[in-house]
Number of protein chains: 2
Amino acid sequence: MDPDDRRRQILARAWTLFRERPYGEVSSTEIAAAAGVSRGLLNHYFGTKRELYLAAVAEMLSVPPVPVPEYVAGAGVRDRVCQSVDGWLELLERNQETWLAAMSTGGDPELERIVDQARERMVDHIIEVVGLGPVARSRPEVRGMLRGFSGLAEATSAEWLRRGRLTRRQVHVFLEEALVRLLEDIIPLVLGDAAR
Amino acid sequence: MDPDDRRRQILARAWTLFRERPYGEVSSTEIAAAAGVSRGLLNHYFGTKRELYLAAVAEMLSVPPVPVPEYVAGAGVRDRVCQSVDGWLELLERNQETWLAAMSTGGDPELERIVDQARERMVDHIIEVVGLGPVARSRPEVRGMLRGFSGLAEATSAEWLRRGRLTRRQVHVFLEEALVRLLEDIIPLVLGDAAR
DNA sequence: ACACGTTGTTGGCAGTTCGCCAATAGCGGT
DNA sequence: ACCGCTATTGGCGAACTGCCAACAACGTGT
């Protein structure tokens with residue numbers, strides 16, 4: 001079989017197993033059996049079980065990002081935020097299990113780095129949507145606070161998808177309002193506060 | 001040695017190791033050696049390695065909660081929030097490694113439940129501080145949104161302690177302002193929105 | 001005082017898992 | 001046709017975990 005296809009096939013099967021059970025409870029033998037190959041081949045392709053895991057997570061985390069809304073004359077920041085939040089929730093609803101499973105890092109520093117990169121991409125996306133590029137470049141605190149917002153988004157989304165204490169609509173209203181307030185009031189306040 | 005002391009000693013040593021390296025990279029043999037006992041004794045006390053891990057996390061997560069600020073006449077919600085946030089940050093700064101390490105659940109459902117309980121306790125604390133008890137009991141969404149805020153707090157705190165993109169003062173101003181806005185504007189908005 | 005059950009403690013055995021390597025087979029280039 | 005390269009397999013050795021038998025210390029009933 002074509003090595004590239006085989007690689008993708010193994011990654012897909014591995015991720016299927018990894019997202020239902022934690023890392024330690026899935027054996028390489030099981031992955032190999034599920035993929036219909038010998039166990040030694042996993043080593044041949046990915047070196048070690050850990051690297052296979054990292055590769056699988058990285059693969060599944062490279063989902064196409066939500067498109068940045070077009071700039072429409074007359075549309076304020078709130079409209080763009082609303083549209084972007086909706087895209088994010090849609091993407092989330094479609095890949096529930098993937099996202100929920102990927103959020104647990106298990107303290108592995110390298111894995112943490114991979115997930116962290118995905119979160120930074122989310123921050124990049126927000127910065128672009130709301131047009132904060134210039135400020136963000138000179139003030140790293142802005143990225144820090146937006147990273148905080150991504151924590152808010154993850155937690156409320158989990159409340160929606162896992163615990164059901166919030167509806168999708170509520171999450172939408174909540175996040176949209178929170179982000180707008182953040183941009184218009186809180187971030188300027190914190191940045192100005194440093195002048196004291 | 002007194003069984004209770006021995007138990008605590010093993011838990012302390014185990015947690016020391018678990019917080020510097022992920023679960024899979026710490027062997028029971030190593031823990032036993034560090035604690036100065038035989039490996040079989042770990043099984044005698046905790047049954048399995050996993051249970052030992054859970055016990056260690058639960059032990060270290062049972063830190064004394066931040067005291068609820070006294071009610072002072074003339075002090076508004078903002079004052080109480082400010083005081084509470086400060087207590088939380090203080091606690092966090094003192095037990096950095098413990099908290100940062102405990103936040104990684106590794107997809108283990110039982111462990112996830114333990115950490116989740118700690119987060120719910122934080123929500124309880126906030127509810128008590130801002131006096132939202134009555135509303136929260138009839139509207140579970142309130143707990144959901146406050147759980148979102150705890151995600152915000154965790155993420156910004158990590159930005160402060162780990163990445164250093166925020167200072168402690170900035171985190172304080174940010175969280176205080178965000179929580180006040182949440183209580184006064186955003187939560188009422190979401191609750192009212194459901195009436196549509 | 002002596003036998004005995006209980007509990008802390010140890011070492012070792014068996015099963016499983018993982019990383020590595022030698023061996024085989026297919027396939028393209030010269 | 002020969003040769004090298006890569007995919008693929010099976011197996012070996014090391015490490016780790018769970019379990020159990022054995023030993024020691026200590027309290028208790030007779």
# chains A, B, ... in the order shown; residues from 1 in each chain; ligands from 1

$ interface_residues --of "chain C" --to "chain B" --cutoff "9 Å" --atoms "only C-alpha atoms (C1' of nucleotides)" --output "list in words"
DG8, DT9, DT10 and DG11 of chain C

$ write_last_selection --atoms "C-alpha atoms (C1' of nucleotides)" --output "PDB file, in the first residue's frame"
ATOM      1  C1'  DG C   8       2.478  -4.109  58.285  1.00  0.00           C
ATOM      2  C1'  DT C   9       6.037  -5.482  55.119  1.00  0.00           C
ATOM      3  C1'  DT C  10       8.846  -7.909  51.834  1.00  0.00           C
ATOM      4  C1'  DG C  11      10.359 -10.553  47.840  1.00  0.00           C
TER       5       DG C  11
END

$ interface_residues --of "chain A" --to "chain B" --cutoff "9 Å" --atoms "only C-alpha atoms" --output "PyMOL selection string"
chain A and resi 19+21-24+101-109+140-160+163-167+169-171+173-174+177-178+181-182+186-187+189-191+193-194

$ interface_residues --of "chain D" --to "chain A" --cutoff "10 Å" --atoms "only C-alpha atoms (C1' of nucleotides)" --output "list of chain:residue names"
D:DT6, D:DA7, D:DT8, D:DT9, D:DG10

$ residues_around --residues "region 75-92 of chain A" --least-positions-apart "3" --cutoff "9 Å" --atoms "only C-alpha atoms (C1' of nucleotides)" --output "list in words"
Pro65, Val66, Pro67, Val68, Pro69, Glu70, Tyr71, Val72, Asn95, Gln96, Thr98, Trp99, Ile126, Val129, Val130, Gly131, Ser157, Arg168, Val171, His172, Val173, Leu175, Glu176, Glu177, Leu179 and Val180 of chain A

$ residues_around --residues "DG5 (chain C)" --least-positions-apart "6" --cutoff "12 Å" --atoms "only C-alpha atoms (C1' of nucleotides)" --output "list in words"
DC26, DG27, DT28 and DG29 of chain D

$ residues_around --residues "Leu54 (chain B)" --least-positions-apart "3" --cutoff "9 Å" --atoms "only C-alpha atoms (C1' of nucleotides)" --output "number ranges by chain"
B: 49-51, 57-59, 110-111, 114

$ select_by_dssp --residues "chain A" --states "alpha helix (DSSP H)" --output "ChimeraX atom specification"
/A:3-18,28-35,39-46,49-61,77-94,96-102,109-130,133-138,140-158,168-181,187-193

$ closest_residue --among "A:Gly192, A:Arg7, A:Ala14, A:Glu30" --to "DT17 (chain C)" --atoms "only C-alpha atoms (C1' of nucleotides)"
A:Glu30
